[in-house]
file target.cif (mmCIF, C-alpha atoms)
data_protein
loop_
_atom_site.label_atom_id
_atom_site.label_comp_id
_atom_site.auth_asym_id
_atom_site.auth_seq_id
_atom_site.Cartn_x
_atom_site.Cartn_y
_atom_site.Cartn_z
CA MET S 1 -8.30 35.45 -6.23
CA PHE S 2 -10.95 33.26 -7.75
CA LEU S 3 -11.71 33.34 -11.49
CA SER S 4 -15.49 33.02 -11.35
CA THR S 5 -17.83 35.90 -10.53
CA GLN S 6 -20.83 33.78 -9.52
CA HIS S 7 -21.72 30.23 -8.54
CA HIS S 8 -22.07 27.31 -10.95
CA SER S 9 -24.58 24.53 -11.30
CA GLN S 10 -23.64 20.92 -10.54
CA ILE S 11 -22.73 19.21 -13.82
CA LEU S 12 -22.66 15.56 -12.81
CA THR S 13 -25.84 13.89 -11.58
CA ARG S 14 -25.75 11.59 -8.57
CA ASP S 15 -25.90 8.55 -10.89
CA CYS S 16 -22.40 9.51 -11.97
CA TYR S 17 -21.28 8.74 -8.39
CA THR S 18 -23.32 5.58 -7.81
CA SER S 19 -23.63 3.77 -11.15
CA GLU S 20 -21.53 0.71 -11.93
CA GLU S 21 -22.05 1.36 -15.64
CA PHE S 22 -20.79 4.94 -15.39
CA LEU S 23 -17.75 3.86 -13.37
CA GLN S 24 -16.83 1.25 -15.98
CA LYS S 25 -17.03 3.94 -18.64
CA GLU S 26 -14.70 6.14 -16.58
CA VAL S 27 -12.24 3.30 -16.06
CA ASP S 28 -12.15 2.36 -19.74
CA SER S 29 -12.03 5.89 -21.16
CA LEU S 30 -10.27 7.96 -18.49
CA LEU S 31 -8.45 5.92 -15.89
CA LEU S 32 -6.82 3.01 -17.68
CA PRO S 33 -5.05 5.35 -20.16
CA ALA S 34 -3.88 7.65 -17.31
CA TRP S 35 -0.63 7.68 -15.37
CA HIS S 36 -0.98 6.60 -11.73
CA ALA S 37 1.38 7.61 -8.92
CA VAL S 38 1.63 4.33 -7.01
CA ALA S 39 4.94 4.36 -5.10
CA VAL S 40 8.20 6.11 -4.33
CA LYS S 41 11.65 4.66 -5.00
CA SER S 42 12.42 4.21 -1.29
CA GLU S 43 9.78 1.47 -1.17
CA LEU S 44 12.07 -0.54 -3.48
CA PRO S 45 15.42 0.23 -1.85
CA HIS S 46 17.52 -2.73 -3.03
CA ASP S 47 18.17 -4.71 -6.16
CA GLY S 48 15.49 -7.41 -6.15
CA SER S 49 13.00 -5.46 -4.00
CA TYR S 50 9.36 -5.85 -4.98
CA VAL S 51 5.94 -4.58 -3.86
CA THR S 52 2.50 -5.85 -4.85
CA PHE S 53 -0.96 -4.28 -5.00
CA GLU S 54 -4.15 -4.43 -7.04
CA ILE S 55 -5.59 -1.81 -9.38
CA TYR S 56 -8.73 -2.12 -11.53
CA GLY S 57 -8.93 -5.85 -10.90
CA ARG S 58 -5.31 -6.35 -11.94
CA PRO S 59 -2.76 -7.79 -9.48
CA ILE S 60 0.42 -5.74 -10.00
CA ILE S 61 4.03 -6.31 -8.97
CA LEU S 62 6.76 -3.66 -9.08
CA TRP S 63 10.26 -5.18 -9.13
CA ARG S 64 13.66 -3.49 -8.97
CA CYS S 65 16.41 -5.10 -11.04
CA ASP S 66 19.78 -3.57 -11.98
CA ASP S 67 18.64 -0.22 -10.56
CA GLN S 68 15.59 -0.16 -12.82
CA ILE S 69 12.00 -0.58 -11.63
CA HIS S 70 9.68 -2.73 -13.73
CA CYS S 71 5.91 -3.23 -13.62
CA PHE S 72 4.26 -6.58 -14.38
CA LEU S 73 0.90 -8.23 -14.05
CA ASN S 74 1.40 -10.38 -10.94
CA VAL S 75 0.11 -13.50 -12.72
CA CYS S 76 2.18 -16.45 -13.94
CA SER S 77 1.83 -17.29 -17.63
CA HIS S 78 1.90 -21.02 -16.90
CA ARG S 79 -1.36 -21.74 -15.05
CA PHE S 80 -2.30 -18.20 -13.95
CA SER S 81 -1.40 -18.27 -10.27
CA LYS S 82 -0.35 -14.98 -8.69
CA LEU S 83 3.45 -14.93 -8.62
CA ARG S 84 3.60 -13.42 -5.13
CA SER S 85 0.84 -13.19 -2.53
CA ASP S 86 2.78 -11.13 0.03
CA SER S 87 2.87 -7.31 0.01
CA GLY S 88 6.58 -7.07 -0.69
CA GLY S 89 10.06 -8.46 -0.20
CA THR S 90 13.23 -9.26 -2.13
CA CYS S 91 13.93 -11.89 -4.79
CA GLU S 92 16.72 -12.52 -7.31
CA ARG S 93 14.16 -13.40 -9.98
CA LEU S 94 10.38 -13.26 -10.07
CA ARG S 95 9.40 -16.78 -9.07
CA CYS S 96 5.91 -18.26 -9.16
CA GLN S 97 4.78 -19.64 -5.81
CA TYR S 98 2.84 -22.49 -7.49
CA HIS S 99 5.24 -24.37 -9.79
CA GLY S 100 8.45 -22.35 -9.47
CA TRP S 101 8.62 -20.76 -12.91
CA GLN S 102 11.13 -17.89 -12.92
CA PHE S 103 11.11 -14.69 -14.97
CA ASP S 104 13.67 -11.95 -15.63
CA GLU S 105 13.36 -8.16 -15.84
CA THR S 106 12.04 -8.35 -19.40
CA GLY S 107 9.24 -10.70 -18.29
CA ASN S 108 10.72 -13.62 -20.23
CA VAL S 109 10.86 -17.11 -18.73
CA ARG S 110 14.35 -17.90 -17.41
CA LYS S 111 13.78 -21.22 -15.64
CA ILE S 112 11.11 -23.92 -15.85
CA PRO S 113 11.27 -26.87 -13.44
CA ASP S 114 11.16 -30.13 -15.43
CA ALA S 115 11.43 -28.08 -18.62
CA LYS S 116 11.64 -31.20 -20.85
CA SER S 117 7.98 -31.97 -20.13
CA PHE S 118 6.99 -28.76 -21.91
CA ARG S 119 8.79 -29.49 -25.21
CA PRO S 120 8.49 -28.02 -27.73
CA LEU S 121 8.39 -24.51 -26.21
CA LYS S 122 9.56 -21.59 -28.32
CA GLN S 123 11.79 -18.92 -26.76
CA GLY S 124 9.68 -16.01 -25.51
CA MET S 125 6.44 -17.90 -26.05
CA LEU S 126 5.24 -17.51 -22.45
CA GLY S 127 6.16 -14.29 -20.68
CA LEU S 128 4.73 -11.94 -18.09
CA LYS S 129 2.52 -9.08 -19.15
CA LYS S 130 4.52 -5.88 -18.70
CA TYR S 131 3.11 -2.38 -18.23
CA ARG S 132 4.63 1.03 -18.80
CA LEU S 133 6.51 2.47 -15.82
CA ASP S 134 8.35 5.76 -15.49
CA THR S 135 9.66 7.95 -12.71
CA CYS S 136 9.87 11.66 -11.96
CA GLY S 137 12.35 12.27 -9.20
CA GLU S 138 11.48 9.74 -6.49
CA LEU S 139 7.89 9.28 -7.70
CA VAL S 140 6.99 6.02 -9.45
CA PHE S 141 4.16 6.10 -12.01
CA ILE S 142 2.58 3.28 -13.98
CA ASN S 143 0.31 3.27 -17.02
CA LEU S 144 -1.86 0.26 -17.87
CA SER S 145 -2.34 1.17 -21.53
CA GLU S 146 0.16 0.52 -24.29
CA GLU S 147 -0.47 3.85 -26.00
CA GLY S 148 -0.92 7.43 -24.90
CA PRO S 149 1.28 10.28 -23.69
CA SER S 150 4.60 9.79 -21.95
CA LEU S 151 4.87 10.66 -18.26
CA ARG S 152 6.79 13.81 -19.15
CA ASP S 153 3.95 14.91 -21.43
CA PHE S 154 1.34 14.00 -18.80
CA LEU S 155 3.05 16.15 -16.14
CA GLY S 156 3.79 18.86 -18.70
CA GLU S 157 5.24 22.11 -17.43
CA MET S 158 5.39 20.76 -13.87
CA TYR S 159 7.76 17.90 -14.71
CA SER S 160 10.98 19.79 -13.91
CA THR S 161 9.39 21.26 -10.77
CA TYR S 162 8.56 17.77 -9.46
CA LEU S 163 12.13 16.65 -10.12
CA GLU S 164 13.16 19.28 -7.58
CA TRP S 165 10.28 18.74 -5.15
CA PHE S 166 10.76 14.96 -4.99
CA SER S 167 14.54 14.79 -5.16
CA PRO S 168 16.61 11.92 -3.68
CA ASP S 169 17.58 13.98 -0.61
CA MET S 170 13.93 14.00 0.54
CA HIS S 171 12.93 11.53 3.26
CA THR S 172 9.84 9.34 2.82
CA ALA S 173 7.73 9.99 5.92
CA VAL S 174 4.34 8.46 5.02
CA VAL S 175 3.35 5.45 2.90
CA LEU S 176 -0.41 5.04 3.11
CA ASN S 177 -3.05 3.15 1.14
CA ARG S 178 -6.36 4.09 2.73
CA PRO S 179 -9.72 2.56 1.65
CA ILE S 180 -12.54 5.12 1.78
CA GLN S 181 -16.23 4.31 1.36
CA ALA S 182 -16.92 6.92 -1.31
CA ASN S 183 -16.83 7.36 -5.07
CA TRP S 184 -13.41 8.32 -6.39
CA LYS S 185 -14.66 11.65 -7.72
CA CYS S 186 -15.83 12.64 -4.23
CA LEU S 187 -12.25 12.29 -3.00
CA VAL S 188 -10.83 14.30 -5.90
CA GLU S 189 -13.46 17.04 -5.51
CA ASN S 190 -12.81 17.25 -1.77
CA ALA S 191 -9.13 17.90 -2.50
CA LEU S 192 -9.99 20.60 -5.04
CA GLU S 193 -11.80 22.98 -2.69
CA THR S 194 -11.09 24.80 0.58
CA TYR S 195 -14.73 25.51 1.40
CA HIS S 196 -14.97 22.52 3.77
CA THR S 197 -11.80 23.41 5.69
CA THR S 198 -13.39 25.41 8.52
CA GLU S 199 -16.06 22.78 9.22
CA VAL S 200 -14.09 19.57 8.72
CA HIS S 201 -10.54 20.56 9.76
CA PRO S 202 -10.91 23.18 12.56
CA LYS S 203 -8.04 21.71 14.64
CA THR S 204 -5.69 20.86 11.78
CA PHE S 205 -6.02 23.51 9.06
CA GLY S 206 -8.23 26.00 10.89
CA GLU S 207 -10.35 28.45 8.93
CA SER S 208 -10.53 28.49 5.15
CA PRO S 209 -8.01 30.92 3.63
CA SER S 210 -9.38 34.24 2.42
CA GLU S 211 -9.97 34.78 -1.27
CA GLU S 212 -7.28 37.48 -1.32
CA ASP S 213 -4.65 34.91 -0.28
CA CYS S 214 -5.76 32.30 -2.85
CA GLU S 215 -4.93 31.96 -6.52
CA HIS S 216 -6.75 29.49 -8.77
CA LYS S 217 -5.42 28.40 -12.15
CA LEU S 218 -7.51 26.30 -14.54
CA ASP S 219 -5.85 24.44 -17.41
CA GLU S 220 -6.89 21.82 -19.92
CA TRP S 221 -4.81 19.18 -18.09
CA GLY S 222 -5.96 20.06 -14.57
CA SER S 223 -6.04 22.89 -12.05
CA SER S 224 -4.03 24.38 -9.21
CA LEU S 225 -4.32 26.39 -6.03
CA SER S 226 -1.73 28.62 -4.39
CA VAL S 227 -2.20 30.05 -0.89
CA ASP S 228 0.10 32.62 0.67
CA PHE S 229 0.52 32.01 4.43
CA SER S 230 3.26 34.61 4.90
CA GLN S 231 1.05 36.82 7.09
CA GLU S 232 -0.32 33.98 9.21
CA GLN S 233 0.44 34.23 12.93
CA SER S 234 -0.39 30.96 14.67
CA PHE S 235 1.15 28.06 16.56
CA ARG S 236 1.33 26.15 13.28
CA SER S 237 3.29 28.99 11.71
CA SER S 238 5.70 29.10 14.66
CA LEU S 239 6.17 25.33 14.50
CA ASP S 240 6.87 25.60 10.78
CA GLN S 241 9.52 28.25 11.37
CA PHE S 242 11.13 26.06 14.05
CA GLY S 243 11.17 23.10 11.65
CA HIS S 244 12.95 25.15 8.99
CA TRP S 245 15.54 26.22 11.53
CA LEU S 246 16.16 22.57 12.44
CA VAL S 247 16.85 21.50 8.86
CA GLY S 248 18.65 24.69 7.87
CA ARG S 249 16.32 25.78 5.08
CA GLU S 250 14.74 29.11 4.24
CA ARG S 251 10.99 29.08 4.83
CA ASN S 252 8.63 29.18 1.85
CA PRO S 253 5.17 30.14 3.20
CA VAL S 254 3.25 29.33 -0.02
CA TYR S 255 1.07 26.23 -0.22
CA ARG S 256 0.60 24.78 -3.72
CA HIS S 257 -1.86 22.08 -4.73
CA ILE S 258 -1.88 20.75 -8.30
CA ALA S 259 -4.39 18.32 -9.81
CA HIS S 260 -3.42 16.34 -12.88
CA TYR S 261 -6.72 14.98 -14.16
CA PRO S 262 -8.17 12.53 -13.77
CA ASN S 263 -6.80 11.36 -10.40
CA VAL S 264 -3.27 12.52 -9.46
CA LEU S 265 -2.96 15.24 -6.79
CA ILE S 266 0.39 16.77 -5.81
CA ALA S 267 1.03 19.32 -3.07
CA HIS S 268 3.91 21.39 -1.63
CA LEU S 269 3.89 22.96 1.83
CA SER S 270 7.12 24.31 3.31
CA LEU S 271 9.17 21.24 4.29
CA TYR S 272 6.66 18.74 2.89
CA ARG S 273 5.60 17.39 -0.48
CA TRP S 274 3.00 14.72 -1.05
CA VAL S 275 1.28 12.93 -3.87
CA GLU S 276 -2.13 11.27 -3.77
CA CYS S 277 -3.55 8.96 -6.42
CA VAL S 278 -7.25 8.15 -6.09
CA ILE S 279 -8.18 4.71 -7.44
CA PRO S 280 -11.80 3.51 -7.64
CA VAL S 281 -12.61 0.04 -6.31
CA SER S 282 -16.37 0.23 -6.86
CA PRO S 283 -18.91 3.05 -7.32
CA ASN S 284 -19.04 3.39 -3.52
CA CYS S 285 -15.43 2.68 -2.55
CA SER S 286 -12.00 4.07 -3.44
CA THR S 287 -8.39 3.71 -2.38
CA SER S 288 -6.39 6.82 -1.53
CA VAL S 289 -2.72 6.11 -2.31
CA VAL S 290 -0.64 8.70 -0.46
CA ARG S 291 3.12 9.21 -0.30
CA LEU S 292 4.58 12.10 1.71
CA MET S 293 8.21 13.22 1.68
CA CYS S 294 9.93 15.86 3.78
CA HIS S 295 13.21 17.70 4.26
CA VAL S 296 15.20 16.50 7.28
CA GLY S 297 18.52 18.27 6.65
CA LYS S 298 21.63 17.58 4.64
CA GLN S 299 23.24 14.16 4.41
CA GLY S 300 25.91 13.68 7.08
CA GLN S 301 24.43 16.05 9.63
CA LEU S 302 24.16 14.49 13.10
CA ARG S 303 20.85 16.15 13.75
CA ARG S 304 19.39 14.60 10.56
CA LEU S 305 18.36 11.49 12.51
CA TRP S 306 16.60 13.57 15.15
CA ASN S 307 14.96 15.72 12.47
CA ARG S 308 13.81 12.61 10.65
CA TYR S 309 12.08 11.35 13.77
CA LEU S 310 10.60 14.69 14.82
CA ILE S 311 9.46 16.02 11.45
CA SER S 312 8.35 12.64 10.10
CA ARG S 313 6.39 11.89 13.27
CA TRP S 314 4.60 15.23 13.07
CA ALA S 315 3.85 14.69 9.38
CA ASN S 316 2.50 11.20 10.04
CA ASP S 317 0.26 12.34 12.88
CA PHE S 318 -0.96 15.44 11.03
CA LEU S 319 -1.67 13.74 7.71
CA GLY S 320 -3.29 10.81 9.48
CA GLN S 321 -5.67 13.10 11.35
CA VAL S 322 -6.54 15.14 8.25
CA GLY S 323 -7.06 11.96 6.25
CA GLU S 324 -9.36 10.51 8.89
CA GLU S 325 -11.40 13.72 9.02
CA ASP S 326 -11.83 13.65 5.25
CA ALA S 327 -12.58 9.93 5.16
CA GLN S 328 -15.38 10.28 7.70
CA VAL S 329 -17.13 13.10 5.87
CA MET S 330 -16.63 11.45 2.45
CA THR S 331 -18.52 8.41 3.73
CA GLN S 332 -21.40 10.70 4.69
CA VAL S 333 -21.34 12.35 1.26
CA GLN S 334 -21.59 8.95 -0.45
CA GLN S 335 -24.48 7.92 1.78
CA GLY S 336 -26.24 11.14 0.81
CA LEU S 337 -25.66 10.42 -2.87
CA ASN S 338 -27.14 6.94 -2.41
CA SER S 339 -30.33 8.29 -0.84
CA VAL S 340 -33.53 7.24 -2.65
CA ASP S 341 -34.86 10.79 -2.48
CA GLN S 342 -32.80 13.88 -3.19
CA PRO S 343 -33.30 17.53 -2.20
CA THR S 344 -33.42 20.32 -4.74
CA GLY S 345 -29.93 21.71 -5.08
CA GLY S 346 -26.48 21.05 -6.43
CA LEU S 347 -24.60 24.35 -6.36
CA ILE S 348 -20.88 25.00 -6.70
CA SER S 349 -19.52 28.22 -5.22
CA THR S 350 -16.78 30.40 -6.65
CA ARG S 351 -14.47 28.99 -3.96
CA GLU S 352 -15.27 25.53 -5.37
CA GLU S 353 -14.70 26.45 -9.02
CA ARG S 354 -11.98 23.81 -9.35
CA VAL S 355 -14.70 21.23 -8.63
CA TYR S 356 -16.80 22.66 -11.46
CA HIS S 357 -13.75 22.57 -13.72
CA PHE S 358 -13.13 18.90 -12.83
CA GLN S 359 -16.75 17.95 -13.44
CA ASP S 360 -16.64 19.79 -16.76
CA TYR S 361 -13.55 17.73 -17.65
CA ILE S 362 -15.34 14.45 -16.84
CA ASP S 363 -18.40 15.51 -18.83
CA ARG S 364 -16.41 16.59 -21.87
CA ALA S 365 -14.17 13.53 -21.84
CA LEU S 366 -16.99 11.00 -21.56
CA ASN S 367 -19.83 12.75 -23.36
CA ASN S 368 -18.21 15.35 -25.60
CA GLY S 369 -20.22 17.91 -23.70
CA HIS S 370 -23.50 16.10 -24.35
CA GLY S 371 -25.70 13.58 -22.60
CA LEU S 372 -25.76 15.22 -19.15
CA PRO S 373 -27.98 18.01 -17.81
CA GLN S 374 -27.42 21.40 -19.43
CA ARG S 375 -24.58 23.35 -17.82
CA ASP S 376 -24.69 27.00 -16.98
CA THR S 377 -22.85 29.19 -19.43
CA ILE S 378 -20.36 30.87 -17.11
CA PRO S 379 -17.01 30.71 -18.95
CA ILE S 380 -14.06 28.77 -17.56
CA SER S 381 -10.60 30.21 -18.22
CA TYR S 382 -7.97 28.08 -19.94
CA LYS S 383 -4.58 29.78 -20.14
CA GLY S 384 -6.07 33.16 -20.81
CA LYS S 385 -8.85 31.81 -23.05
CA THR S 386 -12.46 31.08 -22.25
CA SER S 387 -14.69 28.20 -23.25
#
call {"tool": "encode", "arguments": {"input": "target.cif", "output": "structure tokens"}}
result
Amino acid sequence: MFLSTQHHSQILTRDCYTSEEFLQKEVDSLLLPAWHAVAVKSELPHDGSYVTFEIYGRPIILWRCDDQIHCFLNVCSHRFSKLRSDSGGTCERLRCQYHGWQFDETGNVRKIPDAKSFRPLKQGMLGLKKYRLDTCGELVFINLSEEGPSLRDFLGEMYSTYLEWFSPDMHTAVVLNRPIQANWKCLVENALETYHTTEVHPKTFGESPSEEDCEHKLDEWGSSLSVDFSQEQSFRSSLDQFGHWLVGRERNPVYRHIAHYPNVLIAHLSLYRWVECVIPVSPNCSTSVVRLMCHVGKQGQLRRLWNRYLISRWANDFLGQVGEEDAQVMTQVQQGLNSVDQPTGGLISTREERVYHFQDYIDRALNNGHGLPQRDTIPISYKGKTS
């Protein structure tokens, strides 16, 4: 059931989705201090494995050394070249492609070609900038600020649940970084509501679930949705039952979607778990970082290889289609937001109350509840309380 009894007004104005100034405020106040789900351990399978990417104008390199994953700014401290320009690989030490400086897992310089020409150079004087990195199960998170909550505190009561959901016996089926021409909040809001399902995903998800099958929960740290599909009778349901038979697991027909504000989205559906981290590139462009894992059976089973192909292939095709459907409509939403003229409107239904809750979070975090158009006074529930 939904928590609201009537619709809400839109809190954020369209400038909040199109303004460079507002985005910079969000990055500085909300996003830089947040934890970002950027990878899974299987992307760094061996000692020396590394992957590179960019976030908020910062080239980043993740490097595995002695079974620990480290996060550095991918910029050499000598003359500021990027250490690595490829997307990933394996190296014994982090080595700059320009002059060959080498760094260890602490970020300290370990080798300087023609080192005598740099004398005197104090030990530890020039090192790589290192960022906080932590894991929960197979999920790899980074934090670009030196202070703030630990990952365990950020994930809160769900931390132990995610350890189980994203355990080492899960198979990584999808690794996707998709650019989408829309503001990052549009992507988050799209994931927080089921109202668009019937129109946008008729062949993938079908009709929006009924209110009786839905349960919304609104918390200070985020929100969640649970949908019970136990009574569903469809081809998708039959396929799901067949998949569970293949891997030898009891079917759980409850879909769960959890949002950890500002931009981490985690979901569980029968054999599948996925995490999405939405990262703004500009006011009109974002990157959707998606990692999907699935059950393919116990280690050592002969049919595990076949399951991995069959179930992973279906997951890849399904998620790819859903993602493309969302990406297309998000582009249209952003174009509407950029229109010179705007219609009268901006309503949020009870089915979309998680969107209202998210907008309220943005407003409170950036403006202390002030500075934006007056909100309606319908209370939002926080753990049994109202505000």
call {"tool": "residues_around", "arguments": {"input": "target.cif", "residues": "stretch 278-291 of chain S", "least_positions_apart": "2", "cutoff": "10 Å", "atoms": "all atoms listed in the file", "output": "JSON, numbers by chain"}}
result
{"S": [15, 16, 17, 18, 19, 20, 21, 22, 23, 24, 26, 27, 31, 36, 37, 38, 39, 40, 54, 55, 56, 57, 139, 172, 173, 174, 175, 176, 177, 178, 179, 180, 181, 182, 183, 184, 185, 186, 187, 188, 262, 263, 264, 265, 266, 273, 274, 275, 276, 293, 319, 323, 327, 331, 334, 335, 337, 338]}
call {"tool": "write_last_selection", "arguments": {"input": "target.cif", "atoms": "C-alpha atoms", "output": "PDB file, keeping the file's coordinate frame"}}
result
ATOM      1  CA  ASP S  15     -25.900   8.550 -10.890  1.00  0.00           C
ATOM      2  CA  CYS S  16     -22.400   9.510 -11.970  1.00  0.00           C
ATOM      3  CA  TYR S  17     -21.280   8.740  -8.390  1.00  0.00           C
ATOM      4  CA  THR S  18     -23.320   5.580  -7.810  1.00  0.00           C
ATOM      5  CA  SER S  19     -23.630   3.770 -11.150  1.00  0.00           C
ATOM      6  CA  GLU S  20     -21.530   0.710 -11.930  1.00  0.00           C
ATOM      7  CA  GLU S  21     -22.050   1.360 -15.640  1.00  0.00           C
ATOM      8  CA  PHE S  22     -20.790   4.940 -15.390  1.00  0.00           C
ATOM      9  CA  LEU S  23     -17.750   3.860 -13.370  1.00  0.00           C
ATOM     10  CA  GLN S  24     -16.830   1.250 -15.980  1.00  0.00           C
ATOM     11  CA  GLU S  26     -14.700   6.140 -16.580  1.00  0.00           C
ATOM     12  CA  VAL S  27     -12.240   3.300 -16.060  1.00  0.00           C
ATOM     13  CA  LEU S  31      -8.450   5.920 -15.890  1.00  0.00           C
ATOM     14  CA  HIS S  36      -0.980   6.600 -11.730  1.00  0.00           C
ATOM     15  CA  ALA S  37       1.380   7.610  -8.920  1.00  0.00           C
ATOM     16  CA  VAL S  38       1.630   4.330  -7.010  1.00  0.00           C
ATOM     17  CA  ALA S  39       4.940   4.360  -5.100  1.00  0.00           C
ATOM     18  CA  VAL S  40       8.200   6.110  -4.330  1.00  0.00           C
ATOM     19  CA  GLU S  54      -4.150  -4.430  -7.040  1.00  0.00           C
ATOM     20  CA  ILE S  55      -5.590  -1.810  -9.380  1.00  0.00           C
ATOM     21  CA  TYR S  56      -8.730  -2.120 -11.530  1.00  0.00           C
ATOM     22  CA  GLY S  57      -8.930  -5.850 -10.900  1.00  0.00           C
ATOM     23  CA  LEU S 139       7.890   9.280  -7.700  1.00  0.00           C
ATOM     24  CA  THR S 172       9.840   9.340   2.820  1.00  0.00           C
ATOM     25  CA  ALA S 173       7.730   9.990   5.920  1.00  0.00           C
ATOM     26  CA  VAL S 174       4.340   8.460   5.020  1.00  0.00           C
ATOM     27  CA  VAL S 175       3.350   5.450   2.900  1.00  0.00           C
ATOM     28  CA  LEU S 176      -0.410   5.040   3.110  1.00  0.00           C
ATOM     29  CA  ASN S 177      -3.050   3.150   1.140  1.00  0.00           C
ATOM     30  CA  ARG S 178      -6.360   4.090   2.730  1.00  0.00           C
ATOM     31  CA  PRO S 179      -9.720   2.560   1.650  1.00  0.00           C
ATOM     32  CA  ILE S 180     -12.540   5.120   1.780  1.00  0.00           C
ATOM     33  CA  GLN S 181     -16.230   4.310   1.360  1.00  0.00           C
ATOM     34  CA  ALA S 182     -16.920   6.920  -1.310  1.00  0.00           C
ATOM     35  CA  ASN S 183     -16.830   7.360  -5.070  1.00  0.00           C
ATOM     36  CA  TRP S 184     -13.410   8.320  -6.390  1.00  0.00           C
ATOM     37  CA  LYS S 185     -14.660  11.650  -7.720  1.00  0.00           C
ATOM     38  CA  CYS S 186     -15.830  12.640  -4.230  1.00  0.00           C
ATOM     39  CA  LEU S 187     -12.250  12.290  -3.000  1.00  0.00           C
ATOM     40  CA  VAL S 188     -10.830  14.300  -5.900  1.00  0.00           C
ATOM     41  CA  PRO S 262      -8.170  12.530 -13.770  1.00  0.00           C
ATOM     42  CA  ASN S 263      -6.800  11.360 -10.400  1.00  0.00           C
ATOM     43  CA  VAL S 264      -3.270  12.520  -9.460  1.00  0.00           C
ATOM     44  CA  LEU S 265      -2.960  15.240  -6.790  1.00  0.00           C
ATOM     45  CA  ILE S 266       0.390  16.770  -5.810  1.00  0.00           C
ATOM     46  CA  ARG S 273       5.600  17.390  -0.480  1.00  0.00           C
ATOM     47  CA  TRP S 274       3.000  14.720  -1.050  1.00  0.00           C
ATOM     48  CA  VAL S 275       1.280  12.930  -3.870  1.00  0.00           C
ATOM     49  CA  GLU S 276      -2.130  11.270  -3.770  1.00  0.00           C
ATOM     50  CA  MET S 293       8.210  13.220   1.680  1.00  0.00           C
ATOM     51  CA  LEU S 319      -1.670  13.740   7.710  1.00  0.00           C
ATOM     52  CA  GLY S 323      -7.060  11.960   6.250  1.00  0.00           C
ATOM     53  CA  ALA S 327     -12.580   9.930   5.160  1.00  0.00           C
ATOM     54  CA  THR S 331     -18.520   8.410   3.730  1.00  0.00           C
ATOM     55  CA  GLN S 334     -21.590   8.950  -0.450  1.00  0.00           C
ATOM     56  CA  GLN S 335     -24.480   7.920   1.780  1.00  0.00           C
ATOM     57  CA  LEU S 337     -25.660  10.420  -2.870  1.00  0.00           C
ATOM     58  CA  ASN S 338     -27.140   6.940  -2.410  1.00  0.00           C
TER      59      ASN S 338
END
call {"tool": "closest_atom_pairs", "arguments": {"input": "target.cif", "of": "stretch 123-203 of chain S", "to": "stretch 74-80 of chain S", "cutoff": "9 Å", "atoms": "all atoms listed in the file", "output": "JSON lines"}}
result
{"residue": "S:Leu126", "atom": "CA", "partner": "S:Ser77", "partner_atom": "CA", "distance": 5.9}
{"residue": "S:Gly127", "atom": "CA", "partner": "S:Ser77", "partner_atom": "CA", "distance": 6.1}
{"residue": "S:Leu128", "atom": "CA", "partner": "S:Ser77", "partner_atom": "CA", "distance": 6.1}
{"residue": "S:Lys129", "atom": "CA", "partner": "S:Val75", "partner_atom": "CA", "distance": 8.2}
call {"tool": "residues_around", "arguments": {"input": "target.cif", "residues": "S:Arg110", "least_positions_apart": "5", "cutoff": "9 Å", "atoms": "only C-alpha atoms", "output": "PDB file with C-alpha atoms, keeping the file's coordinate frame"}}
result
ATOM      1  CA  ARG S  93      14.160 -13.400  -9.980  1.00  0.00           C
ATOM      2  CA  TRP S 101       8.620 -20.760 -12.910  1.00  0.00           C
ATOM      3  CA  GLN S 102      11.130 -17.890 -12.920  1.00  0.00           C
ATOM      4  CA  PHE S 103      11.110 -14.690 -14.970  1.00  0.00           C
ATOM      5  CA  ASP S 104      13.670 -11.950 -15.630  1.00  0.00           C
TER       6      ASP S 104
END
call {"tool": "closest_residue", "arguments": {"input": "target.cif", "among": "S:Glu193, S:Glu215, S:Glu207, S:Asp66", "to": "S:His357", "atoms": "all atoms listed in the file"}}
result
S:Glu193
call {"tool": "atom_distance", "arguments": {"input": "target.cif", "atom1": "atom CA of S:Gly345", "atom2": "atom CA of S:Ser210"}}
result
25.2 Å
call {"tool": "residues_around", "arguments": {"input": "target.cif", "residues": "stretch 217-230 of chain S", "least_positions_apart": "3", "cutoff": "8 Å", "atoms": "only C-alpha atoms", "output": "PyMOL selection string"}}
result
chain S and resi 209+213-214+253-262+354+357-358+380-383
call {"tool": "closest_residue", "arguments": {"input": "target.cif", "among": "S:Gly320, S:Ser29, S:Tyr50, S:Cys294", "to": "S:Ser270", "atoms": "only C-alpha atoms"}}
result
S:Cys294
call {"tool": "closest_residue", "arguments": {"input": "target.cif", "among": "S:Leu30, S:Leu121, S:Val51, S:Met1", "to": "S:Ser145", "atoms": "all atoms listed in the file"}}
result
S:Leu30
call {"tool": "atom_distance", "arguments": {"input": "target.cif", "atom1": "atom CA of S:Leu144", "atom2": "atom CA of S:Glu324"}}
result
29.6 Å
call {"tool": "resolve_selection", "arguments": {"input": "target.cif", "expression": "the PyMOL selection byres ((chain S and resi 153-166) around 8)", "output": "list in words"}}
result
Trp35, Cys136, Gly137, Glu138, Leu139, Pro149, Ser150, Leu151, Arg152, Ser167, Pro168, Met170, His260, His268, Arg273 and Met293 of chain S
call {"tool": "residues_around", "arguments": {"input": "target.cif", "residues": "stretch 198-203 of chain S", "least_positions_apart": "3", "cutoff": "8 Å", "atoms": "only C-alpha atoms", "output": "list in words"}}
result
Tyr195, Gly206, Glu207, Ser208, Val322, Glu325, Asp326 and Val329 of chain S
call {"tool": "residues_around", "arguments": {"input": "target.cif", "residues": "S:Gly89", "least_positions_apart": "3", "cutoff": "12 Å", "atoms": "all atoms listed in the file", "output": "NGL selection string"}}
result
:S and (43-52 or 61-64 or 84-86 or 92-94)
